[in-house]
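What follows is the content of work.cif, which has mmCIF, C-alpha atoms, pLDDT in the B column; chains and numbers go by the auth columns:
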data_upload
#
loop_
_atom_site.group_PDB
_atom_site.id
_atom_site.type_symbol
_atom_site.label_atom_id
_atom_site.label_comp_id
_atom_site.label_asym_id
_atom_site.label_seq_id
_atom_site.Cartn_x
_atom_site.Cartn_y
_atom_site.Cartn_z
_atom_site.B_iso_or_equiv
_atom_site.auth_seq_id
_atom_site.auth_asym_id
ATOM 1 C CA MET A 1 159.964 228.251 122.489 43.00 1 A
ATOM 2 C CA LYS A 2 159.852 225.680 125.204 41.00 2 A
ATOM 3 C CA LYS A 3 156.984 223.885 123.555 41.00 3 A
ATOM 4 C CA VAL A 4 158.827 223.779 120.256 39.00 4 A
ATOM 5 C CA GLY A 5 161.931 222.390 121.901 41.00 5 A
ATOM 6 C CA ILE A 6 159.972 219.658 123.584 38.00 6 A
ATOM 7 C CA ILE A 7 158.240 218.723 120.345 37.00 7 A
ATOM 8 C CA LEU A 8 161.527 218.669 118.437 38.00 8 A
ATOM 9 C CA GLY A 9 163.071 216.545 121.160 42.00 9 A
ATOM 10 C CA ILE A 10 160.262 214.040 120.946 38.00 10 A
ATOM 11 C CA ILE A 11 160.512 213.889 117.145 35.00 11 A
ATOM 12 C CA TRP A 12 164.297 213.391 117.353 37.00 12 A
ATOM 13 C CA PHE A 13 163.868 210.589 119.899 35.00 13 A
ATOM 14 C CA VAL A 14 161.251 208.849 117.799 37.00 14 A
ATOM 15 C CA ALA A 15 163.364 209.213 114.648 37.00 15 A
ATOM 16 C CA LEU A 16 166.372 207.788 116.469 37.00 16 A
ATOM 17 C CA GLY A 17 164.329 204.838 117.610 38.00 17 A
ATOM 18 C CA LEU A 18 163.088 204.088 114.105 38.00 18 A
ATOM 19 C CA SER A 19 166.578 204.362 112.710 37.00 19 A
ATOM 20 C CA THR A 20 167.891 201.907 115.265 37.00 20 A
ATOM 21 C CA GLU A 21 165.132 199.430 114.456 38.00 21 A
ATOM 22 C CA VAL A 22 165.836 199.604 110.729 38.00 22 A
ATOM 23 C CA CYS A 23 169.531 199.045 111.302 38.00 23 A
ATOM 24 C CA ALA A 24 168.732 196.041 113.436 41.00 24 A
ATOM 25 C CA GLN A 25 166.867 194.433 110.498 40.00 25 A
ATOM 26 C CA LYS A 26 169.907 194.522 108.224 43.00 26 A
ATOM 27 C CA SER A 27 171.648 191.187 107.613 42.00 27 A
ATOM 28 C CA PHE A 28 174.757 189.927 105.874 43.00 28 A
ATOM 29 C CA GLN A 29 175.833 186.575 104.371 47.00 29 A
ATOM 30 C CA PRO A 30 178.837 185.134 106.207 50.00 30 A
ATOM 31 C CA LYS A 31 181.608 183.519 104.219 50.00 31 A
ATOM 32 C CA GLN A 32 181.213 179.743 103.964 50.00 32 A
ATOM 33 C CA ILE A 33 183.996 177.818 105.627 48.00 33 A
ATOM 34 C CA ASP A 34 184.730 174.314 104.354 50.00 34 A
ATOM 35 C CA ASP A 35 185.270 171.902 107.206 48.00 35 A
ATOM 36 C CA PRO A 36 188.149 169.556 106.334 49.00 36 A
ATOM 37 C CA TRP A 37 186.787 166.986 108.827 45.00 37 A
ATOM 38 C CA LYS A 38 183.994 165.217 106.962 51.00 38 A
ATOM 39 C CA GLY A 39 183.261 162.586 109.577 52.00 39 A
ATOM 40 C CA ILE A 40 184.536 159.491 111.332 56.00 40 A
ATOM 41 C CA ILE A 41 186.224 156.869 109.163 67.00 41 A
ATOM 42 C CA TYR A 42 185.184 153.406 110.362 75.00 42 A
ATOM 43 C CA ARG A 43 187.350 150.306 110.006 86.00 43 A
ATOM 44 C CA LYS A 44 184.650 147.671 110.525 88.00 44 A
ATOM 45 C CA GLU A 45 180.912 147.376 110.025 88.00 45 A
ATOM 46 C CA SER A 46 178.198 144.994 111.215 90.00 46 A
ATOM 47 C CA THR A 47 174.742 144.826 109.654 90.00 47 A
ATOM 48 C CA ALA A 48 171.568 142.749 109.886 92.00 48 A
ATOM 49 C CA ASP A 49 169.128 142.315 107.025 91.00 49 A
ATOM 50 C CA PHE A 50 165.803 140.682 106.225 93.00 50 A
ATOM 51 C CA THR A 51 165.457 139.138 102.757 93.00 51 A
ATOM 52 C CA ILE A 52 162.280 138.251 100.846 93.00 52 A
ATOM 53 C CA THR A 53 162.498 136.121 97.686 91.00 53 A
ATOM 54 C CA GLY A 54 160.032 134.477 95.336 89.00 54 A
ATOM 55 C CA ASN A 55 160.221 131.190 97.253 90.00 55 A
ATOM 56 C CA GLY A 56 161.194 132.100 100.804 93.00 56 A
ATOM 57 C CA TYR A 57 162.642 134.555 103.283 95.00 57 A
ATOM 58 C CA GLY A 58 165.651 134.853 105.566 96.00 58 A
ATOM 59 C CA LEU A 59 167.284 136.767 108.394 97.00 59 A
ATOM 60 C CA ALA A 60 171.018 137.459 108.083 96.00 60 A
ATOM 61 C CA PHE A 61 173.978 138.969 109.923 96.00 61 A
ATOM 62 C CA ASN A 62 176.995 140.479 108.155 95.00 62 A
ATOM 63 C CA THR A 63 180.350 141.555 109.525 95.00 63 A
ATOM 64 C CA GLY A 64 182.927 143.264 107.346 94.00 64 A
ATOM 65 C CA LYS A 65 186.250 145.061 107.141 94.00 65 A
ATOM 66 C CA ILE A 66 186.282 148.422 105.357 91.00 66 A
ATOM 67 C CA VAL A 67 189.352 148.306 103.107 93.00 67 A
ATOM 68 C CA THR A 68 188.785 151.698 101.464 89.00 68 A
ATOM 69 C CA TYR A 69 185.886 154.136 101.290 83.00 69 A
ATOM 70 C CA TYR A 70 184.722 152.330 98.144 89.00 70 A
ATOM 71 C CA LYS A 71 185.385 148.692 99.085 93.00 71 A
ATOM 72 C CA THR A 72 184.366 146.405 101.968 94.00 72 A
ATOM 73 C CA HIS A 73 185.059 142.692 102.421 96.00 73 A
ATOM 74 C CA TYR A 74 182.409 140.938 104.524 96.00 74 A
ATOM 75 C CA TYR A 75 181.232 137.588 105.891 97.00 75 A
ATOM 76 C CA HIS A 76 177.565 136.613 105.638 97.00 76 A
ATOM 77 C CA PHE A 77 175.536 134.282 107.913 97.00 77 A
ATOM 78 C CA GLU A 78 171.857 133.574 107.243 97.00 78 A
ATOM 79 C CA LEU A 79 168.973 131.431 108.475 97.00 79 A
ATOM 80 C CA GLY A 80 166.117 131.089 106.001 97.00 80 A
ATOM 81 C CA TYR A 81 163.018 129.149 105.004 96.00 81 A
ATOM 82 C CA MET A 82 162.101 127.926 101.508 93.00 82 A
ATOM 83 C CA TYR A 83 158.730 126.899 100.078 91.00 83 A
ATOM 84 C CA ASP A 84 157.169 126.155 96.717 88.00 84 A
ATOM 85 C CA PRO A 85 155.336 129.162 95.177 87.00 85 A
ATOM 86 C CA ARG A 86 152.489 126.797 94.236 86.00 86 A
ATOM 87 C CA GLU A 87 151.639 126.132 97.885 87.00 87 A
ATOM 88 C CA GLN A 88 148.214 127.268 99.036 87.00 88 A
ATOM 89 C CA ARG A 89 146.999 127.204 102.611 89.00 89 A
ATOM 90 C CA GLN A 90 143.518 125.668 102.795 90.00 90 A
ATOM 91 C CA ASN A 91 141.131 124.088 105.277 90.00 91 A
ATOM 92 C CA ARG A 92 138.282 121.661 104.631 87.00 92 A
ATOM 93 C CA ASN A 93 136.627 122.622 107.974 85.00 93 A
ATOM 94 C CA ILE A 94 135.512 119.068 108.749 80.00 94 A
ATOM 95 C CA PRO A 95 134.280 118.561 112.350 79.00 95 A
ATOM 96 C CA ILE A 96 134.857 115.068 113.709 74.00 96 A
ATOM 97 C CA SER A 97 133.678 115.820 117.255 69.00 97 A
ATOM 98 C CA PHE A 98 132.873 118.763 119.495 68.00 98 A
ATOM 99 C CA THR A 99 136.563 119.080 120.396 73.00 99 A
ATOM 100 C CA LYS A 100 138.301 118.243 117.111 78.00 100 A
ATOM 101 C CA VAL A 101 138.057 120.151 113.839 84.00 101 A
ATOM 102 C CA SER A 102 140.333 119.792 110.834 87.00 102 A
ATOM 103 C CA GLN A 103 143.403 122.044 110.714 89.00 103 A
ATOM 104 C CA SER A 104 144.623 123.942 107.671 92.00 104 A
ATOM 105 C CA PHE A 105 147.175 122.258 105.404 94.00 105 A
ATOM 106 C CA ARG A 106 149.164 122.754 102.198 93.00 106 A
ATOM 107 C CA PHE A 107 148.223 120.221 99.560 92.00 107 A
ATOM 108 C CA GLY A 108 151.130 118.282 98.048 90.00 108 A
ATOM 109 C CA LYS A 109 153.776 119.553 100.485 92.00 109 A
ATOM 110 C CA GLN A 110 156.335 116.889 101.416 93.00 110 A
ATOM 111 C CA ASN A 111 158.928 118.692 103.558 93.00 111 A
ATOM 112 C CA HIS A 112 159.608 121.881 105.444 94.00 112 A
ATOM 113 C CA VAL A 113 162.923 123.254 104.132 95.00 113 A
ATOM 114 C CA TYR A 114 165.105 125.367 106.424 96.00 114 A
ATOM 115 C CA VAL A 115 168.330 126.811 105.012 97.00 115 A
ATOM 116 C CA ILE A 116 171.595 127.819 106.680 98.00 116 A
ATOM 117 C CA ARG A 117 173.818 129.941 104.440 98.00 117 A
ATOM 118 C CA ALA A 118 177.320 131.338 104.904 97.00 118 A
ATOM 119 C CA GLY A 119 179.422 133.294 102.477 97.00 119 A
ATOM 120 C CA LYS A 120 182.300 135.647 101.828 97.00 120 A
ATOM 121 C CA GLY A 121 181.651 138.682 99.685 97.00 121 A
ATOM 122 C CA THR A 122 182.735 142.112 98.534 97.00 122 A
ATOM 123 C CA LYS A 123 180.770 145.355 98.539 94.00 123 A
ATOM 124 C CA LYS A 124 181.763 148.248 96.267 94.00 124 A
ATOM 125 C CA LEU A 125 180.451 151.810 96.012 90.00 125 A
ATOM 126 C CA LEU A 126 179.918 153.333 92.570 90.00 126 A
ATOM 127 C CA THR A 127 179.257 156.953 93.587 84.00 127 A
ATOM 128 C CA ASP A 128 180.132 159.439 96.335 75.00 128 A
ATOM 129 C CA LYS A 129 177.624 160.771 98.838 64.00 129 A
ATOM 130 C CA ALA A 130 176.748 164.367 99.554 59.00 130 A
ATOM 131 C CA LYS A 131 178.118 165.767 102.800 57.00 131 A
ATOM 132 C CA ARG A 132 174.728 165.642 104.483 58.00 132 A
ATOM 133 C CA LYS A 133 172.044 163.003 103.969 60.00 133 A
ATOM 134 C CA GLY A 134 173.665 161.786 100.778 71.00 134 A
ATOM 135 C CA VAL A 135 172.650 158.755 98.721 80.00 135 A
ATOM 136 C CA THR A 136 175.069 156.427 96.986 85.00 136 A
ATOM 137 C CA LEU A 137 174.769 153.401 94.697 91.00 137 A
ATOM 138 C CA GLY A 138 176.832 150.250 94.868 94.00 138 A
ATOM 139 C CA TYR A 139 176.868 146.523 94.240 96.00 139 A
ATOM 140 C CA ASN A 140 177.940 143.394 96.092 96.00 140 A
ATOM 141 C CA TYR A 141 178.589 139.752 95.358 97.00 141 A
ATOM 142 C CA GLU A 142 179.245 136.684 97.490 97.00 142 A
ATOM 143 C CA ILE A 143 179.571 132.920 97.384 97.00 143 A
ATOM 144 C CA GLY A 144 179.683 130.239 100.049 98.00 144 A
ATOM 145 C CA PRO A 145 178.257 126.986 101.438 98.00 145 A
ATOM 146 C CA SER A 146 174.566 126.280 101.974 97.00 146 A
ATOM 147 C CA LEU A 147 172.879 123.575 104.043 97.00 147 A
ATOM 148 C CA ALA A 148 169.233 122.559 103.535 96.00 148 A
ATOM 149 C CA ILE A 149 167.491 120.978 106.534 96.00 149 A
ATOM 150 C CA LEU A 150 164.450 118.882 105.594 95.00 150 A
ATOM 151 C CA ARG A 151 161.664 118.224 108.116 96.00 151 A
ATOM 152 C CA PRO A 152 158.911 115.825 106.969 95.00 152 A
ATOM 153 C CA TYR A 153 155.462 117.347 106.530 95.00 153 A
ATOM 154 C CA TYR A 154 152.647 115.349 108.178 96.00 154 A
ATOM 155 C CA LEU A 155 148.958 115.136 107.311 95.00 155 A
ATOM 156 C CA GLU A 156 145.986 113.491 108.978 94.00 156 A
ATOM 157 C CA LEU A 157 144.606 111.047 106.412 94.00 157 A
ATOM 158 C CA VAL A 158 141.180 109.386 106.451 90.00 158 A
ATOM 159 C CA TYR A 159 141.149 105.590 106.069 91.00 159 A
ATOM 160 C CA ASN A 160 137.885 103.703 105.544 86.00 160 A
ATOM 161 C CA PHE A 161 137.658 100.052 106.553 82.00 161 A
ATOM 162 C CA GLU A 162 135.051 97.386 107.258 80.00 162 A
ATOM 163 C CA GLU A 163 134.900 95.240 110.370 78.00 163 A
ATOM 164 C CA ASP A 164 132.159 92.769 111.315 77.00 164 A
ATOM 165 C CA GLY A 165 129.947 94.108 108.569 77.00 165 A
ATOM 166 C CA ARG A 166 130.251 97.690 109.755 82.00 166 A
ATOM 167 C CA PHE A 167 132.147 100.560 108.107 82.00 167 A
ATOM 168 C CA TYR A 168 134.512 102.751 110.087 80.00 168 A
ATOM 169 C CA ASN A 169 136.644 105.847 109.483 82.00 169 A
ATOM 170 C CA GLU A 170 140.088 106.134 111.016 86.00 170 A
ATOM 171 C CA LEU A 171 142.503 109.078 111.126 90.00 171 A
ATOM 172 C CA ARG A 172 146.195 108.327 110.664 92.00 172 A
ATOM 173 C CA THR A 173 149.009 110.868 110.903 94.00 173 A
ATOM 174 C CA GLU A 174 151.476 110.158 108.107 95.00 174 A
ATOM 175 C CA LYS A 175 154.270 111.773 106.123 95.00 175 A
ATOM 176 C CA TYR A 176 154.755 111.371 102.381 94.00 176 A
ATOM 177 C CA THR A 177 156.257 108.059 101.212 92.00 177 A
ATOM 178 C CA GLU A 178 156.244 106.129 97.958 91.00 178 A
ATOM 179 C CA GLN A 179 153.892 103.595 99.563 93.00 179 A
ATOM 180 C CA ASN A 180 151.196 106.116 100.542 93.00 180 A
ATOM 181 C CA ALA A 181 151.732 108.576 97.661 92.00 181 A
ATOM 182 C CA ALA A 182 148.286 107.930 96.150 92.00 182 A
ATOM 183 C CA LYS A 183 146.584 108.505 99.512 93.00 183 A
ATOM 184 C CA PHE A 184 148.740 111.500 100.475 94.00 184 A
ATOM 185 C CA LEU A 185 147.972 113.240 97.169 92.00 185 A
ATOM 186 C CA ASP A 186 144.247 112.419 97.190 92.00 186 A
ATOM 187 C CA PHE A 187 142.520 115.636 98.263 92.00 187 A
ATOM 188 C CA ASN A 188 139.366 113.808 99.416 90.00 188 A
ATOM 189 C CA SER A 189 141.417 111.577 101.737 92.00 189 A
ATOM 190 C CA ILE A 190 142.966 114.502 103.631 93.00 190 A
ATOM 191 C CA PHE A 191 141.353 115.476 106.920 92.00 191 A
ATOM 192 C CA GLY A 192 143.821 118.246 107.772 92.00 192 A
ATOM 193 C CA GLY A 193 147.331 119.198 108.774 92.00 193 A
ATOM 194 C CA THR A 194 149.326 118.765 111.966 92.00 194 A
ATOM 195 C CA THR A 195 151.898 120.848 113.853 89.00 195 A
ATOM 196 C CA GLY A 196 155.153 120.091 115.648 90.00 196 A
ATOM 197 C CA LYS A 197 155.931 116.709 114.074 93.00 197 A
ATOM 198 C CA GLY A 198 159.031 115.567 112.207 94.00 198 A
ATOM 199 C CA TRP A 199 161.764 117.205 114.296 95.00 199 A
ATOM 200 C CA SER A 200 163.311 113.820 115.109 95.00 200 A
ATOM 201 C CA GLU A 201 163.488 112.894 111.401 95.00 201 A
ATOM 202 C CA LEU A 202 165.552 115.752 109.997 96.00 202 A
ATOM 203 C CA GLY A 203 167.515 115.297 106.785 94.00 203 A
ATOM 204 C CA PHE A 204 170.517 117.337 105.639 95.00 204 A
ATOM 205 C CA VAL A 205 171.513 118.254 102.077 95.00 205 A
ATOM 206 C CA PRO A 206 174.726 120.277 101.488 96.00 206 A
ATOM 207 C CA GLY A 207 175.235 122.685 98.607 96.00 207 A
ATOM 208 C CA ILE A 208 176.540 126.107 97.583 97.00 208 A
ATOM 209 C CA GLN A 209 174.900 129.522 97.326 97.00 209 A
ATOM 210 C CA GLY A 210 175.656 132.783 95.560 97.00 210 A
ATOM 211 C CA LYS A 211 174.305 136.342 95.473 96.00 211 A
ATOM 212 C CA LEU A 212 174.622 139.414 93.274 96.00 212 A
ATOM 213 C CA GLY A 213 172.944 142.626 94.390 95.00 213 A
ATOM 214 C CA LEU A 214 172.566 146.341 93.672 95.00 214 A
ATOM 215 C CA PHE A 215 172.018 148.560 96.711 92.00 215 A
ATOM 216 C CA CYS A 216 171.190 152.151 97.566 90.00 216 A
ATOM 217 C CA SER A 217 172.801 153.463 100.773 83.00 217 A
ATOM 218 C CA ILE A 218 171.517 156.517 102.670 77.00 218 A
ATOM 219 C CA GLY A 219 173.597 158.920 104.776 64.00 219 A
ATOM 220 C CA ASN A 220 177.257 159.885 104.839 55.00 220 A
ATOM 221 C CA PHE A 221 179.700 158.866 107.571 54.00 221 A
ATOM 222 C CA GLU A 222 176.752 157.622 109.632 62.00 222 A
ATOM 223 C CA LYS A 223 177.088 155.463 112.731 67.00 223 A
ATOM 224 C CA TYR A 224 174.195 153.243 111.587 71.00 224 A
ATOM 225 C CA ALA A 225 174.101 151.896 108.030 69.00 225 A
ATOM 226 C CA LYS A 226 170.825 152.108 106.104 80.00 226 A
ATOM 227 C CA ALA A 227 170.403 150.514 102.685 85.00 227 A
ATOM 228 C CA LEU A 228 167.854 148.974 100.317 89.00 228 A
ATOM 229 C CA GLU A 229 169.014 146.134 98.065 92.00 229 A
ATOM 230 C CA VAL A 230 167.632 144.188 95.092 93.00 230 A
ATOM 231 C CA GLY A 231 169.341 141.392 93.208 94.00 231 A
ATOM 232 C CA LEU A 232 169.650 137.712 92.356 94.00 232 A
ATOM 233 C CA MET A 233 170.426 134.742 94.584 93.00 233 A
ATOM 234 C CA GLY A 234 170.519 130.998 94.088 93.00 234 A
ATOM 235 C CA ASP A 235 171.158 127.710 95.907 94.00 235 A
ATOM 236 C CA LEU A 236 172.581 124.570 94.276 94.00 236 A
ATOM 237 C CA TYR A 237 172.397 121.253 96.169 94.00 237 A
ATOM 238 C CA ILE A 238 173.870 117.814 95.532 91.00 238 A
ATOM 239 C CA LYS A 239 170.365 116.354 95.221 86.00 239 A
ATOM 240 C CA LYS A 240 166.830 117.593 94.653 80.00 240 A
ATOM 241 C CA ASN A 241 165.003 118.850 97.729 70.00 241 A
ATOM 242 C CA SER A 242 161.475 117.422 97.546 68.00 242 A
ATOM 243 C CA TYR A 243 159.323 119.960 99.324 61.00 243 A
ATOM 244 C CA HIS A 244 156.279 119.785 97.059 60.00 244 A
ATOM 245 C CA GLY A 245 154.568 116.890 95.311 52.00 245 A
ATOM 246 C CA ARG A 246 152.104 118.270 92.783 55.00 246 A
ATOM 247 C CA ASN A 247 149.177 120.623 92.449 52.00 247 A
ATOM 248 C CA ARG A 248 145.603 119.605 93.032 51.00 248 A
ATOM 249 C CA SER A 249 144.949 120.358 89.356 45.00 249 A
ATOM 250 C CA ASP A 250 147.540 117.712 88.409 47.00 250 A
ATOM 251 C CA GLN A 251 145.097 115.006 89.510 45.00 251 A
ATOM 252 C CA CYS A 252 142.849 115.630 86.518 37.00 252 A
#

Could you render the structure as structure tokens?
Amino acid sequence: MKKVGIILGIIWFVALGLSTEVCAQKSFQPKQIDDPWKGIIYRKESTADFTITGNGYGLAFNTGKIVTYYKTHYYHFELGYMYDPREQRQNRNIPISFTKVSQSFRFGKQNHVYVIRAGKGTKKLLTDKAKRKGVTLGYNYEIGPSLAILRPYYLELVYNFEEDGRFYNELRTEKYTEQNAAKFLDFNSIFGGTTGKGWSELGFVPGIQGKLGLFCSIGNFEKYAKALEVGLMGDLYIKKNSYHGRNRSDQC
């Protein structure tokens, strides 16, 4: 009888242990509680963006006042650079001495064009975001002044001349003018480009600029804004900015 009691006791202990383990594996779904506090409502926002267009690029800073969840009024400040899409960087690789070799240049370029833009705009949201990691669509528009800063583009040109019955070649660093237009746009007369010249000869052309964009914003009630934007932009100046003469193929 003692042996049986011991065996039954062991079986009861083991059964109790298994029962406890099974009970521990049970789970239940708690009732979901909606948190009325969705996040922090901000009154102001500041953003920085980098823009790439078909004829330039720019770096901008924006500061705005959030009027409602769906609307923000902002001010835009931008520094950019414009170029002609036809420009091609090339190098004739002409050595003139052991220490001087031709530098690369852009054929037909007349001016570097830097742009300062400012504007006042409005940003509007079209959809709501999810509570966590939501995505929303919206659009913005702005208008304001624009200032083009022209810096002359210099080339090293080859001049051939005769002196005392001997022929010489001379390099002259020149910018584009009506007087040297034929030489400046003659590919065979170009030795190469230069760097760092023209800063004392800046020209200024005022105008206006405008933008219209569609953006996709990521996150809801986030401290840092994240968005991707595509759209249209344009600059209108009081006179034509001559930053490119003509293509090499135009010489034919």

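Environment of (158.6, 117.9, 115.8): residues at most 12 Å away, judged by all atoms listed in the file, are A:His112, A:Leu150, A:Arg151, A:Pro152, A:Tyr153, A:Tyr154, A:Thr194, A:Thr195, A:Gly196, A:Lys197, A:Gly198, A:Trp199, A:Ser200, A:Glu201, A:Leu202.
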
Write the residues of the preceding selection, restricted to C-alpha atoms, as a JSON list (two decimals), keeping the file's coordinate frame.
[["chain", "number", "residue", "atom", "x", "y", "z"],
["A", 112, "HIS", "CA", 159.61, 121.88, 105.44],
["A", 150, "LEU", "CA", 164.45, 118.88, 105.59],
["A", 151, "ARG", "CA", 161.66, 118.22, 108.12],
["A", 152, "PRO", "CA", 158.91, 115.82, 106.97],
["A", 153, "TYR", "CA", 155.46, 117.35, 106.53],
["A", 154, "TYR", "CA", 152.65, 115.35, 108.18],
["A", 194, "THR", "CA", 149.33, 118.76, 111.97],
["A", 195, "THR", "CA", 151.90, 120.85, 113.85],
["A", 196, "GLY", "CA", 155.15, 120.09, 115.65],
["A", 197, "LYS", "CA", 155.93, 116.71, 114.07],
["A", 198, "GLY", "CA", 159.03, 115.57, 112.21],
["A", 199, "TRP", "CA", 161.76, 117.20, 114.30],
["A", 200, "SER", "CA", 163.31, 113.82, 115.11],
["A", 201, "GLU", "CA", 163.49, 112.89, 111.40],
["A", 202, "LEU", "CA", 165.55, 115.75, 110.00]]

Problem set entry | Local residues around (184.0, 142.7, 108.5), at most 6 Å away, using all atoms listed in the file, as an MDAnalysis selection string | chainID A and resid 44:45 63:65 74

Problem set entry | Spatial neighbours of stretch 180-184 of chain A, max dist 12 Å, all atoms listed in the file, sep filter under 5 positions, as a ChimeraX atom specification | /A:105-110,153-160,172-175,189-193,244-246,248,251

Put those residues in a file: C-alpha atoms, as a compact mmCIF listing (two decimals), in the frame of the given file.
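Result saved to result05.txt:
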# COMPACT_ATOMS: atom_id res chain seq x y z
CA PHE A 105 147.18 122.26 105.40
CA ARG A 106 149.16 122.75 102.20
CA PHE A 107 148.22 120.22 99.56
CA GLY A 108 151.13 118.28 98.05
CA LYS A 109 153.78 119.55 100.48
CA GLN A 110 156.34 116.89 101.42
CA TYR A 153 155.46 117.35 106.53
CA TYR A 154 152.65 115.35 108.18
CA LEU A 155 148.96 115.14 107.31
CA GLU A 156 145.99 113.49 108.98
CA LEU A 157 144.61 111.05 106.41
CA VAL A 158 141.18 109.39 106.45
CA TYR A 159 141.15 105.59 106.07
CA ASN A 160 137.88 103.70 105.54
CA ARG A 172 146.20 108.33 110.66
CA THR A 173 149.01 110.87 110.90
CA GLU A 174 151.48 110.16 108.11
CA LYS A 175 154.27 111.77 106.12
CA SER A 189 141.42 111.58 101.74
CA ILE A 190 142.97 114.50 103.63
CA PHE A 191 141.35 115.48 106.92
CA GLY A 192 143.82 118.25 107.77
CA GLY A 193 147.33 119.20 108.77
CA HIS A 244 156.28 119.78 97.06
CA GLY A 245 154.57 116.89 95.31
CA ARG A 246 152.10 118.27 92.78
CA ARG A 248 145.60 119.60 93.03
CA GLN A 251 145.10 115.01 89.51

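Minimum distance to A:Ser46 across A:Gly165, A:His76, A:Gln179, A:Gly58 (counting only C-alpha atoms) occurs at A:His76.
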
Problem set entry | Neighbour list for stretch 142-147 of chain A as a ChimeraX atom specification, cut-off 12 Å, all atoms listed in the file, skip fewer than 5 positions in-chain | /A:62,72-82,113-124,203-213,231-239,241

Problem set entry | Distance criterion (all atoms listed in the file): nearest to A:Leu126 out of A:Tyr83, A:Phe50, A:Tyr69, A:Phe161 | A:Tyr69

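One finds atom CA of A:Ser104 at 6.5 Å from atom CA of A:Arg89.
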
For this session: Check the smallest atom-to-atom distance from each of A:Leu228, A:Ile218, A:Ala48, A:Ala148 to A:Thr136 using only C-alpha atoms, then report the winner.
Result: A:Ile218

Exercise. At what distance in Å, to one decimal, does atom CA of A:Tyr57 lie from atom CA of A:Pro85?
Worked result: 12.2 Å

Problem set entry | Chain and number of each residue from the PyMOL selection byres ((chain A and resi 102) around 7), as a list in words | Arg92, Asn93, Ile94, Pro95, Lys100, Val101, Gln103, Ser104, Phe191 and Gly192 of chain A
